[in-house]
>>> print(open('coords_6.pdb').read())   # PDB, C-alpha atoms, pLDDT in the B column
ATOM      1  CA  MET N  67    -239.754  94.238  78.135  1.00 36.00           C
ATOM      2  CA  MET N  68    -236.220  92.980  77.678  1.00 41.00           C
ATOM      3  CA  SER N  69    -235.567  90.411  75.009  1.00 47.00           C
ATOM      4  CA  ARG N  70    -233.110  87.628  75.702  1.00 47.00           C
ATOM      5  CA  TRP N  71    -232.182  85.319  72.875  1.00 45.00           C
ATOM      6  CA  HIS N  72    -230.155  82.150  72.791  1.00 47.00           C
ATOM      7  CA  TYR N  73    -227.441  82.712  70.202  1.00 46.00           C
ATOM      8  CA  SER N  74    -228.620  79.730  68.112  1.00 46.00           C
ATOM      9  CA  GLN N  75    -232.084  81.356  67.821  1.00 45.00           C
ATOM     10  CA  LEU N  76    -230.727  84.697  66.670  1.00 46.00           C
ATOM     11  CA  GLN N  77    -231.640  85.278  63.037  1.00 45.00           C
ATOM     12  CA  HIS N  78    -231.253  88.561  61.192  1.00 43.00           C
ATOM     13  CA  SER N  79    -234.784  88.738  59.795  1.00 42.00           C
ATOM     14  CA  GLN N  80    -236.400  87.860  63.122  1.00 45.00           C
ATOM     15  CA  VAL N  81    -234.453  90.416  65.149  1.00 45.00           C
ATOM     16  CA  SER N  82    -234.435  93.148  62.517  1.00 45.00           C
ATOM     17  CA  GLU N  83    -238.228  93.127  62.178  1.00 49.00           C
ATOM     18  CA  GLN N  84    -238.687  93.366  65.936  1.00 46.00           C
ATOM     19  CA  TYR N  85    -236.180  96.182  66.411  1.00 46.00           C
ATOM     20  CA  GLN N  86    -236.844  98.390  63.402  1.00 46.00           C
ATOM     21  CA  GLN N  87    -239.212 100.377  65.613  1.00 44.00           C
ATOM     22  CA  HIS N  88    -236.434 101.112  68.114  1.00 47.00           C
ATOM     23  CA  ASP N  89    -234.205 103.040  65.694  1.00 50.00           C
ATOM     24  CA  ILE N  90    -231.093 101.108  66.742  1.00 49.00           C
ATOM     25  CA  PHE N  91    -230.051 101.086  63.100  1.00 50.00           C
ATOM     26  CA  GLU N  92    -229.585 104.858  63.190  1.00 54.00           C
ATOM     27  CA  HIS N  93    -226.916 104.726  65.881  1.00 56.00           C
ATOM     28  CA  ASN N  94    -223.209 104.453  65.435  1.00 82.00           C
ATOM     29  CA  ALA N  95    -222.840 101.534  67.829  1.00 91.00           C
ATOM     30  CA  TRP N  96    -219.785 101.353  70.026  1.00 93.00           C
ATOM     31  CA  VAL N  97    -219.086  97.680  70.594  1.00 95.00           C
ATOM     32  CA  SER N  98    -216.532  96.450  73.130  1.00 95.00           C
ATOM     33  CA  ILE N  99    -215.422  92.830  72.966  1.00 96.00           C
ATOM     34  CA  ASP N 100    -213.224  90.661  75.145  1.00 96.00           C
ATOM     35  CA  ALA N 101    -212.131  87.085  75.704  1.00 96.00           C
ATOM     36  CA  ALA N 102    -211.536  85.172  78.931  1.00 95.00           C
ATOM     37  CA  HIS N 103    -209.783  81.826  79.199  1.00 92.00           C
ATOM     38  CA  LYS N 104    -210.261  79.102  81.783  1.00 90.00           C
ATOM     39  CA  MET N 105    -207.965  76.134  81.374  1.00 86.00           C
ATOM     40  CA  GLY N 106    -209.919  72.972  80.731  1.00 86.00           C
ATOM     41  CA  ILE N 107    -213.235  74.821  80.346  1.00 88.00           C
ATOM     42  CA  GLY N 108    -212.957  77.026  77.300  1.00 91.00           C
ATOM     43  CA  LEU N 109    -212.989  80.523  75.891  1.00 94.00           C
ATOM     44  CA  GLY N 110    -215.525  82.962  77.325  1.00 95.00           C
ATOM     45  CA  MET N 111    -216.632  85.717  74.952  1.00 96.00           C
ATOM     46  CA  GLY N 112    -218.251  89.013  75.878  1.00 96.00           C
ATOM     47  CA  LEU N 113    -219.788  91.823  73.844  1.00 96.00           C
ATOM     48  CA  ILE N 114    -221.425  95.092  74.908  1.00 95.00           C
ATOM     49  CA  ALA N 115    -222.962  97.475  72.374  1.00 92.00           C
ATOM     50  CA  THR N 116    -223.968 101.023  73.239  1.00 90.00           C
ATOM     51  CA  THR N 117    -224.666 104.205  71.350  1.00 86.00           C
ATOM     52  CA  ASN N 118    -221.756 106.630  71.277  1.00 81.00           C
ATOM     53  CA  GLU N 119    -223.594 108.465  74.094  1.00 80.00           C
ATOM     54  CA  GLY N 120    -223.446 105.301  76.238  1.00 81.00           C
ATOM     55  CA  THR N 121    -227.069 104.128  75.947  1.00 83.00           C
ATOM     56  CA  PHE N 122    -227.414 100.338  76.058  1.00 87.00           C
ATOM     57  CA  LEU N 123    -228.165  98.541  72.770  1.00 88.00           C
ATOM     58  CA  ALA N 124    -227.123  94.916  73.264  1.00 90.00           C
ATOM     59  CA  ALA N 125    -224.974  92.527  75.274  1.00 93.00           C
ATOM     60  CA  ALA N 126    -223.884  88.966  74.577  1.00 94.00           C
ATOM     61  CA  THR N 127    -221.985  86.062  76.075  1.00 94.00           C
ATOM     62  CA  GLY N 128    -220.576  83.055  74.290  1.00 94.00           C
ATOM     63  CA  LEU N 129    -218.495  79.998  75.079  1.00 94.00           C
ATOM     64  CA  GLN N 130    -216.137  78.196  72.714  1.00 91.00           C
ATOM     65  CA  PRO N 131    -213.584  75.401  73.071  1.00 86.00           C
ATOM     66  CA  GLU N 132    -210.413  76.732  74.590  1.00 76.00           C
ATOM     67  CA  THR N 133    -207.494  78.148  72.677  1.00 76.00           C
ATOM     68  CA  MET N 134    -204.027  78.653  74.091  1.00 76.00           C
ATOM     69  CA  ASP N 135    -203.093  81.835  72.224  1.00 85.00           C
ATOM     70  CA  PRO N 136    -204.643  85.066  73.596  1.00 89.00           C
ATOM     71  CA  SER N 137    -204.563  86.907  70.257  1.00 90.00           C
ATOM     72  CA  ILE N 138    -206.317  84.008  68.507  1.00 91.00           C
ATOM     73  CA  ALA N 139    -208.936  84.026  71.282  1.00 93.00           C
ATOM     74  CA  GLU N 140    -209.527  87.746  70.697  1.00 94.00           C
ATOM     75  CA  GLY N 141    -209.748  87.114  66.936  1.00 94.00           C
ATOM     76  CA  ILE N 142    -212.380  84.431  67.521  1.00 94.00           C
ATOM     77  CA  VAL N 143    -214.359  86.918  69.632  1.00 96.00           C
ATOM     78  CA  LEU N 144    -214.170  89.527  66.843  1.00 96.00           C
ATOM     79  CA  ARG N 145    -215.517  87.017  64.308  1.00 95.00           C
ATOM     80  CA  TRP N 146    -218.326  85.973  66.720  1.00 94.00           C
ATOM     81  CA  CYS N 147    -219.133  89.643  67.351  1.00 95.00           C
ATOM     82  CA  LEU N 148    -219.574  90.321  63.636  1.00 95.00           C
ATOM     83  CA  ASP N 149    -222.094  87.481  63.346  1.00 92.00           C
ATOM     84  CA  ILE N 150    -224.140  88.942  66.195  1.00 91.00           C
ATOM     85  CA  LEU N 151    -224.019  92.500  64.829  1.00 92.00           C
ATOM     86  CA  ILE N 152    -225.180  91.272  61.418  1.00 90.00           C
ATOM     87  CA  ALA N 153    -228.043  89.298  63.002  1.00 87.00           C
ATOM     88  CA  VAL N 154    -229.117  92.292  65.080  1.00 84.00           C
ATOM     89  CA  GLY N 155    -228.906  94.606  62.071  1.00 85.00           C
ATOM     90  CA  LEU N 156    -226.409  97.169  63.345  1.00 88.00           C
ATOM     91  CA  THR N 157    -224.637  98.532  60.294  1.00 88.00           C
ATOM     92  CA  HIS N 158    -222.636 101.488  61.671  1.00 92.00           C
ATOM     93  CA  VAL N 159    -220.189 100.104  64.227  1.00 94.00           C
ATOM     94  CA  THR N 160    -216.916 100.842  65.922  1.00 94.00           C
ATOM     95  CA  ILE N 161    -215.557  97.711  67.583  1.00 96.00           C
ATOM     96  CA  PHE N 162    -213.160  98.138  70.483  1.00 96.00           C
ATOM     97  CA  THR N 163    -210.729  95.406  71.533  1.00 95.00           C
ATOM     98  CA  ASP N 164    -207.872  95.436  74.008  1.00 94.00           C
ATOM     99  CA  CYS N 165    -205.801  93.231  71.668  1.00 94.00           C
ATOM    100  CA  ILE N 166    -203.522  95.333  69.458  1.00 93.00           C
ATOM    101  CA  GLN N 167    -202.643  92.270  67.336  1.00 92.00           C
ATOM    102  CA  VAL N 168    -206.285  91.927  66.267  1.00 93.00           C
ATOM    103  CA  VAL N 169    -206.445  95.602  65.293  1.00 93.00           C
ATOM    104  CA  GLN N 170    -203.213  95.323  63.322  1.00 92.00           C
ATOM    105  CA  ALA N 171    -204.413  92.140  61.600  1.00 91.00           C
ATOM    106  CA  TRP N 172    -207.677  93.946  60.701  1.00 93.00           C
ATOM    107  CA  GLU N 173    -205.697  96.849  59.278  1.00 90.00           C
ATOM    108  CA  ARG N 174    -203.349  94.349  57.611  1.00 85.00           C
ATOM    109  CA  LYS N 175    -200.322  95.997  59.196  1.00 73.00           C
ATOM    110  CA  GLY N 176    -198.452  92.846  60.003  1.00 64.00           C
ATOM    111  CA  LYS N 177    -198.429  89.093  60.129  1.00 66.00           C
ATOM    112  CA  TYR N 178    -198.368  87.826  63.687  1.00 65.00           C
ATOM    113  CA  ASN N 179    -199.888  84.422  63.389  1.00 80.00           C
ATOM    114  CA  ILE N 180    -201.220  82.594  60.374  1.00 86.00           C
ATOM    115  CA  TYR N 181    -204.247  81.403  62.371  1.00 89.00           C
ATOM    116  CA  LEU N 182    -205.108  84.887  63.659  1.00 90.00           C
ATOM    117  CA  ASP N 183    -204.720  86.316  60.164  1.00 89.00           C
ATOM    118  CA  ALA N 184    -207.114  83.674  58.775  1.00 91.00           C
ATOM    119  CA  ILE N 185    -209.742  84.382  61.461  1.00 91.00           C
ATOM    120  CA  VAL N 186    -209.534  88.148  60.944  1.00 92.00           C
ATOM    121  CA  LYS N 187    -209.585  87.747  57.148  1.00 91.00           C
ATOM    122  CA  ASP N 188    -212.847  85.828  57.547  1.00 92.00           C
ATOM    123  CA  GLY N 189    -214.177  88.778  59.552  1.00 91.00           C
ATOM    124  CA  ILE N 190    -212.999  91.283  56.955  1.00 92.00           C
ATOM    125  CA  GLU N 191    -215.053  89.416  54.343  1.00 93.00           C
ATOM    126  CA  LEU N 192    -218.127  90.012  56.530  1.00 93.00           C
ATOM    127  CA  ALA N 193    -217.361  93.738  56.661  1.00 92.00           C
ATOM    128  CA  ASP N 194    -219.156  94.194  53.333  1.00 90.00           C
ATOM    129  CA  GLN N 195    -222.422  93.709  55.237  1.00 92.00           C
ATOM    130  CA  PHE N 196    -221.816  96.915  57.214  1.00 93.00           C
ATOM    131  CA  ILE N 197    -222.193 100.493  56.007  1.00 92.00           C
ATOM    132  CA  ASN N 198    -219.437 101.713  58.310  1.00 92.00           C
ATOM    133  CA  ILE N 199    -217.149  99.511  60.394  1.00 94.00           C
ATOM    134  CA  ARG N 200    -213.930 100.158  62.285  1.00 94.00           C
ATOM    135  CA  VAL N 201    -211.863  98.051  64.668  1.00 95.00           C
ATOM    136  CA  VAL N 202    -209.987 100.125  67.243  1.00 94.00           C
ATOM    137  CA  HIS N 203    -207.648  99.377  70.135  1.00 94.00           C
ATOM    138  CA  LYS N 204    -208.937 100.184  73.613  1.00 89.00           C
ATOM    139  CA  ALA N 205    -207.018 100.013  76.882  1.00 89.00           C
ATOM    140  CA  ARG N 206    -207.750  96.929  78.973  1.00 84.00           C
ATOM    141  CA  SER N 207    -208.807  99.180  81.861  1.00 84.00           C
ATOM    142  CA  ASP N 208    -211.504 100.732  79.642  1.00 85.00           C
ATOM    143  CA  ASN N 209    -212.887  97.350  78.593  1.00 87.00           C
ATOM    144  CA  ARG N 210    -214.321  96.187  81.911  1.00 91.00           C
ATOM    145  CA  ILE N 211    -217.921  95.518  80.821  1.00 93.00           C
ATOM    146  CA  ALA N 212    -216.841  93.259  77.951  1.00 95.00           C
ATOM    147  CA  ASP N 213    -214.368  91.577  80.322  1.00 95.00           C
ATOM    148  CA  PHE N 214    -217.157  91.030  82.864  1.00 95.00           C
ATOM    149  CA  LEU N 215    -219.363  89.464  80.165  1.00 96.00           C
ATOM    150  CA  ALA N 216    -216.514  87.261  78.882  1.00 96.00           C
ATOM    151  CA  ASN N 217    -216.058  85.865  82.387  1.00 95.00           C
ATOM    152  CA  LEU N 218    -219.819  85.582  82.893  1.00 95.00           C
ATOM    153  CA  ALA N 219    -219.933  83.389  79.770  1.00 95.00           C
ATOM    154  CA  PHE N 220    -218.633  80.465  81.817  1.00 95.00           C
ATOM    155  CA  ASP N 221    -221.919  80.524  83.776  1.00 94.00           C
ATOM    156  CA  ILE N 222    -224.387  82.121  81.323  1.00 90.00           C
ATOM    157  CA  TYR N 223    -223.315  81.394  77.761  1.00 82.00           C
ATOM    158  CA  ASP N 224    -224.657  81.818  74.263  1.00 86.00           C
ATOM    159  CA  ASN N 225    -227.098  84.568  75.190  1.00 88.00           C
ATOM    160  CA  VAL N 226    -227.859  87.880  73.534  1.00 89.00           C
ATOM    161  CA  TRP N 227    -229.727  90.602  75.409  1.00 89.00           C
ATOM    162  CA  LEU N 228    -231.447  93.301  73.374  1.00 86.00           C
ATOM    163  CA  ASP N 229    -233.669  96.249  74.125  1.00 73.00           C
ATOM    164  CA  ASN N 230    -233.084  96.944  77.838  1.00 78.00           C
ATOM    165  CA  VAL N 231    -230.186  96.670  80.244  1.00 81.00           C
ATOM    166  CA  PRO N 232    -230.150  93.160  81.760  1.00 82.00           C
ATOM    167  CA  ASN N 233    -230.075  92.989  85.560  1.00 82.00           C
ATOM    168  CA  ILE N 234    -226.541  91.606  85.525  1.00 84.00           C
ATOM    169  CA  LEU N 235    -225.264  94.900  84.047  1.00 86.00           C
ATOM    170  CA  TYR N 236    -227.063  97.392  86.300  1.00 82.00           C
ATOM    171  CA  ASN N 237    -223.821  98.277  88.091  1.00 82.00           C
ATOM    172  CA  PHE N 238    -222.232  99.437  84.834  1.00 82.00           C
ATOM    173  CA  PHE N 239    -224.910 101.803  83.544  1.00 70.00           C
ATOM    174  CA  PRO N 240    -225.973 105.194  84.930  1.00 57.00           C
ATOM    175  CA  PRO N 241    -229.387 105.537  86.615  1.00 49.00           C
ATOM    176  CA  ALA N 242    -230.918 107.257  83.554  1.00 52.00           C
ATOM    177  CA  ASP N 243    -230.480 104.053  81.545  1.00 44.00           C
ATOM    178  CA  LEU N 244    -231.953 101.990  84.363  1.00 40.00           C
ATOM    179  CA  TYR N 245    -235.080 104.111  84.530  1.00 43.00           C
ATOM    180  CA  ALA N 246    -235.469 103.937  80.758  1.00 46.00           C
ATOM    181  CA  ALA N 247    -235.410 100.126  81.042  1.00 44.00           C
ATOM    182  CA  ASP N 248    -238.511 100.235  83.275  1.00 41.00           C
ATOM    183  CA  GLU N 249    -240.598 102.349  80.886  1.00 40.00           C
TER     184      GLU N 249
END
>>> encode(input="coords_6.pdb", output="structure tokens")
Amino acid sequence: MMSRWHYSQLQHSQVSEQYQQHDIFEHNAWVSIDAAHKMGIGLGMGLIATTNEGTFLAAATGLQPETMDPSIAEGIVLRWCLDILIAVGLTHVTIFTDCIQVVQAWERKGKYNIYLDAIVKDGIELADQFINIRVVHKARSDNRIADFLANLAFDIYDNVWLDNVPNILYNFFPPADLYAADE
């Protein structure tokens, strides 16, 4: 059975106890994140977590007040993503973003925007809660599931799906994952 949580209900102890039996903590999670902006509506946030073999672990959507700067929006999504990963209990993660400025701010290779730097610095402080964490640039064309979820956030927001592939993502996952979801 798939578990769907409202983001406000997501608490580390609650989720960790339920998912310790699923061995998700043993995986090096590959997490793709993205932001979508709709003028006058807000900032849609999307997250997809898989094992490095591509098996589904988690997906999430979120909605925040809008921001005009794309790199700040991507920084906000990174910070939101870290909160979710901590709550779920994933401690070995590689986070992929299509925003090079966020990666460079994480690696402290430049100062692009004082606001972006502050958001990413806040995320870096959370990095101590992970055993292994990296933030890596990914081409926009390779980030389509996170982009889909970021846009979906305008309709279905503040949700976290764990355990099995949600119906809305069936088109993105191979049949083997779909059959595993039914078991």
>>> residues_near_point(input="coords_6.pdb", point="(-215.5, 94.3, 59.9)", cutoff="12 Å", atoms="all atoms listed in the file", output="PyMOL selection string")
chain N and resi 97+141+144-152+156-162+168-169+171-173+185-202
>>> write_last_selection(input="coords_6.pdb", atoms="C-alpha atoms", output="PDB file, in the coordinates of the input")
ATOM      1  CA  VAL N  97    -219.086  97.680  70.594  1.00 95.00           C
ATOM      2  CA  GLY N 141    -209.748  87.114  66.936  1.00 94.00           C
ATOM      3  CA  LEU N 144    -214.170  89.527  66.843  1.00 96.00           C
ATOM      4  CA  ARG N 145    -215.517  87.017  64.308  1.00 95.00           C
ATOM      5  CA  TRP N 146    -218.326  85.973  66.720  1.00 94.00           C
ATOM      6  CA  CYS N 147    -219.133  89.643  67.351  1.00 95.00           C
ATOM      7  CA  LEU N 148    -219.574  90.321  63.636  1.00 95.00           C
ATOM      8  CA  ASP N 149    -222.094  87.481  63.346  1.00 92.00           C
ATOM      9  CA  ILE N 150    -224.140  88.942  66.195  1.00 91.00           C
ATOM     10  CA  LEU N 151    -224.019  92.500  64.829  1.00 92.00           C
ATOM     11  CA  ILE N 152    -225.180  91.272  61.418  1.00 90.00           C
ATOM     12  CA  LEU N 156    -226.409  97.169  63.345  1.00 88.00           C
ATOM     13  CA  THR N 157    -224.637  98.532  60.294  1.00 88.00           C
ATOM     14  CA  HIS N 158    -222.636 101.488  61.671  1.00 92.00           C
ATOM     15  CA  VAL N 159    -220.189 100.104  64.227  1.00 94.00           C
ATOM     16  CA  THR N 160    -216.916 100.842  65.922  1.00 94.00           C
ATOM     17  CA  ILE N 161    -215.557  97.711  67.583  1.00 96.00           C
ATOM     18  CA  PHE N 162    -213.160  98.138  70.483  1.00 96.00           C
ATOM     19  CA  VAL N 168    -206.285  91.927  66.267  1.00 93.00           C
ATOM     20  CA  VAL N 169    -206.445  95.602  65.293  1.00 93.00           C
ATOM     21  CA  ALA N 171    -204.413  92.140  61.600  1.00 91.00           C
ATOM     22  CA  TRP N 172    -207.677  93.946  60.701  1.00 93.00           C
ATOM     23  CA  GLU N 173    -205.697  96.849  59.278  1.00 90.00           C
ATOM     24  CA  ILE N 185    -209.742  84.382  61.461  1.00 91.00           C
ATOM     25  CA  VAL N 186    -209.534  88.148  60.944  1.00 92.00           C
ATOM     26  CA  LYS N 187    -209.585  87.747  57.148  1.00 91.00           C
ATOM     27  CA  ASP N 188    -212.847  85.828  57.547  1.00 92.00           C
ATOM     28  CA  GLY N 189    -214.177  88.778  59.552  1.00 91.00           C
ATOM     29  CA  ILE N 190    -212.999  91.283  56.955  1.00 92.00           C
ATOM     30  CA  GLU N 191    -215.053  89.416  54.343  1.00 93.00           C
ATOM     31  CA  LEU N 192    -218.127  90.012  56.530  1.00 93.00           C
ATOM     32  CA  ALA N 193    -217.361  93.738  56.661  1.00 92.00           C
ATOM     33  CA  ASP N 194    -219.156  94.194  53.333  1.00 90.00           C
ATOM     34  CA  GLN N 195    -222.422  93.709  55.237  1.00 92.00           C
ATOM     35  CA  PHE N 196    -221.816  96.915  57.214  1.00 93.00           C
ATOM     36  CA  ILE N 197    -222.193 100.493  56.007  1.00 92.00           C
ATOM     37  CA  ASN N 198    -219.437 101.713  58.310  1.00 92.00           C
ATOM     38  CA  ILE N 199    -217.149  99.511  60.394  1.00 94.00           C
ATOM     39  CA  ARG N 200    -213.930 100.158  62.285  1.00 94.00           C
ATOM     40  CA  VAL N 201    -211.863  98.051  64.668  1.00 95.00           C
ATOM     41  CA  VAL N 202    -209.987 100.125  67.243  1.00 94.00           C
TER      42      VAL N 202
END
>>> closest_residue(input="coords_6.pdb", among="N:Pro136, N:Pro232, N:Gly120, N:Pro131", to="N:Ile107", atoms="only C-alpha atoms")
N:Pro131
>>> residues_around(input="coords_6.pdb", residues="N:Ala126", least_positions_apart="2", cutoff="9 Å", atoms="all atoms listed in the file", output="list of chain:residue names")
N:Tyr73, N:Met111, N:Gly112, N:Leu113, N:Ile114, N:Ala115, N:Ala124, N:Gly128, N:Cys147, N:Ile150, N:Ala212, N:Leu215, N:Ala216, N:Ala219, N:Tyr223, N:Asp224, N:Asn225, N:Val226, N:Trp227, N:Leu228
>>> residues_around(input="coords_6.pdb", residues="N:His203", least_positions_apart="3", cutoff="6 Å", atoms="all atoms listed in the file", output="ChimeraX atom specification")
/N:162-164,166
>>> closest_residue(input="coords_6.pdb", among="N:Phe214, N:Ala139, N:Val154, N:Lys204", to="N:Leu123", atoms="all atoms listed in the file")
N:Val154
>>> axis_aligned_box(input="coords_6.pdb", around="stretch 174-190 of chain N", padding_each_side="3 Å", output="lines of an AutoDock Vina configuration file")
center_x = -206.3
center_y = 88.7
center_z = 60.3
size_x = 21.8
size_y = 20.6
size_z = 12.7
>>> resolve_selection(input="coords_6.pdb", expression="the PyMOL selection byres ((chain N and resi 104) around 10)", output="PyMOL selection string")
chain N and resi 102-103+105-110+132-134+217+220
>>> atom_distance(input="coords_6.pdb", atom1="atom CA of N:Asp208", atom2="atom CA of N:Asn237")
15.1 Å
>>> atom_distance(input="coords_6.pdb", atom1="atom CA of N:Glu140", atom2="atom CA of N:Ile234")
22.9 Å
>>> atom_distance(input="coords_6.pdb", atom1="atom CA of N:Trp96", atom2="atom CA of N:Ala184")
24.5 Å
>>> closest_residue(input="coords_6.pdb", among="N:Asn209, N:Asn94, N:Asn230, N:Asn179", to="N:Glu119", atoms="only C-alpha atoms")
N:Asn94
>>> closest_residue(input="coords_6.pdb", among="N:Val143, N:Ala205, N:Ile138, N:Leu129", to="N:Ala101", atoms="all atoms listed in the file")
N:Val143
>>> closest_residue(input="coords_6.pdb", among="N:Gln170, N:Arg206, N:Leu182, N:Ser98", to="N:Ala125", atoms="all atoms listed in the file")
N:Ser98
>>> decode(input="coords_6.pdb", residues="stretch 141-160 of chain N", atoms="N, CA and C atoms", output="CSV table (one decimal), in the first residue's frame")
chain,number,residue,atom,x,y,z
N,141,GLY,N,17.1,27.5,-5.1
N,141,GLY,CA,17.7,27.4,-3.7
N,141,GLY,C,16.6,27.1,-2.7
N,142,ILE,N,15.4,27.7,-2.8
N,142,ILE,CA,14.3,27.4,-1.9
N,142,ILE,C,13.9,25.9,-2.0
N,143,VAL,N,13.9,25.4,-3.2
N,143,VAL,CA,13.6,24.0,-3.4
N,143,VAL,C,14.6,23.1,-2.8
N,144,LEU,N,15.9,23.4,-2.9
N,144,LEU,CA,16.9,22.6,-2.3
N,144,LEU,C,16.7,22.6,-0.8
N,145,ARG,N,16.5,23.7,-0.2
N,145,ARG,CA,16.3,23.8,1.3
N,145,ARG,C,15.1,22.9,1.7
N,146,TRP,N,14.0,23.0,0.9
N,146,TRP,CA,12.7,22.2,1.2
N,146,TRP,C,13.0,20.7,1.0
N,147,CYS,N,13.8,20.4,0.0
N,147,CYS,CA,14.2,19.0,-0.2
N,147,CYS,C,14.9,18.4,1.0
N,148,LEU,N,15.9,19.2,1.5
N,148,LEU,CA,16.6,18.7,2.6
N,148,LEU,C,15.7,18.4,3.8
N,149,ASP,N,14.8,19.2,4.1
N,149,ASP,CA,13.8,18.9,5.2
N,149,ASP,C,13.1,17.6,4.9
N,150,ILE,N,12.6,17.4,3.7
N,150,ILE,CA,11.9,16.1,3.4
N,150,ILE,C,12.9,14.9,3.6
N,151,LEU,N,14.1,15.0,3.1
N,151,LEU,CA,15.0,13.9,3.2
N,151,LEU,C,15.3,13.6,4.6
N,152,ILE,N,15.5,14.6,5.4
N,152,ILE,CA,15.7,14.4,6.9
N,152,ILE,C,14.5,13.7,7.5
N,153,ALA,N,13.3,14.1,7.2
N,153,ALA,CA,12.1,13.5,7.8
N,153,ALA,C,12.0,12.1,7.4
N,154,VAL,N,12.3,11.8,6.1
N,154,VAL,CA,12.1,10.4,5.6
N,154,VAL,C,13.2,9.5,6.2
N,155,GLY,N,14.4,10.1,6.4
N,155,GLY,CA,15.5,9.3,7.0
N,155,GLY,C,16.5,8.9,6.0
N,156,LEU,N,16.5,9.4,4.8
N,156,LEU,CA,17.5,9.1,3.8
N,156,LEU,C,18.8,9.9,4.2
N,157,THR,N,19.9,9.1,4.3
N,157,THR,CA,21.1,9.8,4.8
N,157,THR,C,22.3,9.7,3.8
N,158,HIS,N,22.1,9.0,2.7
N,158,HIS,CA,23.1,8.9,1.7
N,158,HIS,C,22.4,9.4,0.4
N,159,VAL,N,22.7,10.7,0.0
N,159,VAL,CA,22.0,11.3,-1.1
N,159,VAL,C,22.9,12.1,-2.0
N,160,THR,N,22.5,12.0,-3.3
N,160,THR,CA,23.0,12.9,-4.3
N,160,THR,C,21.8,13.6,-4.8
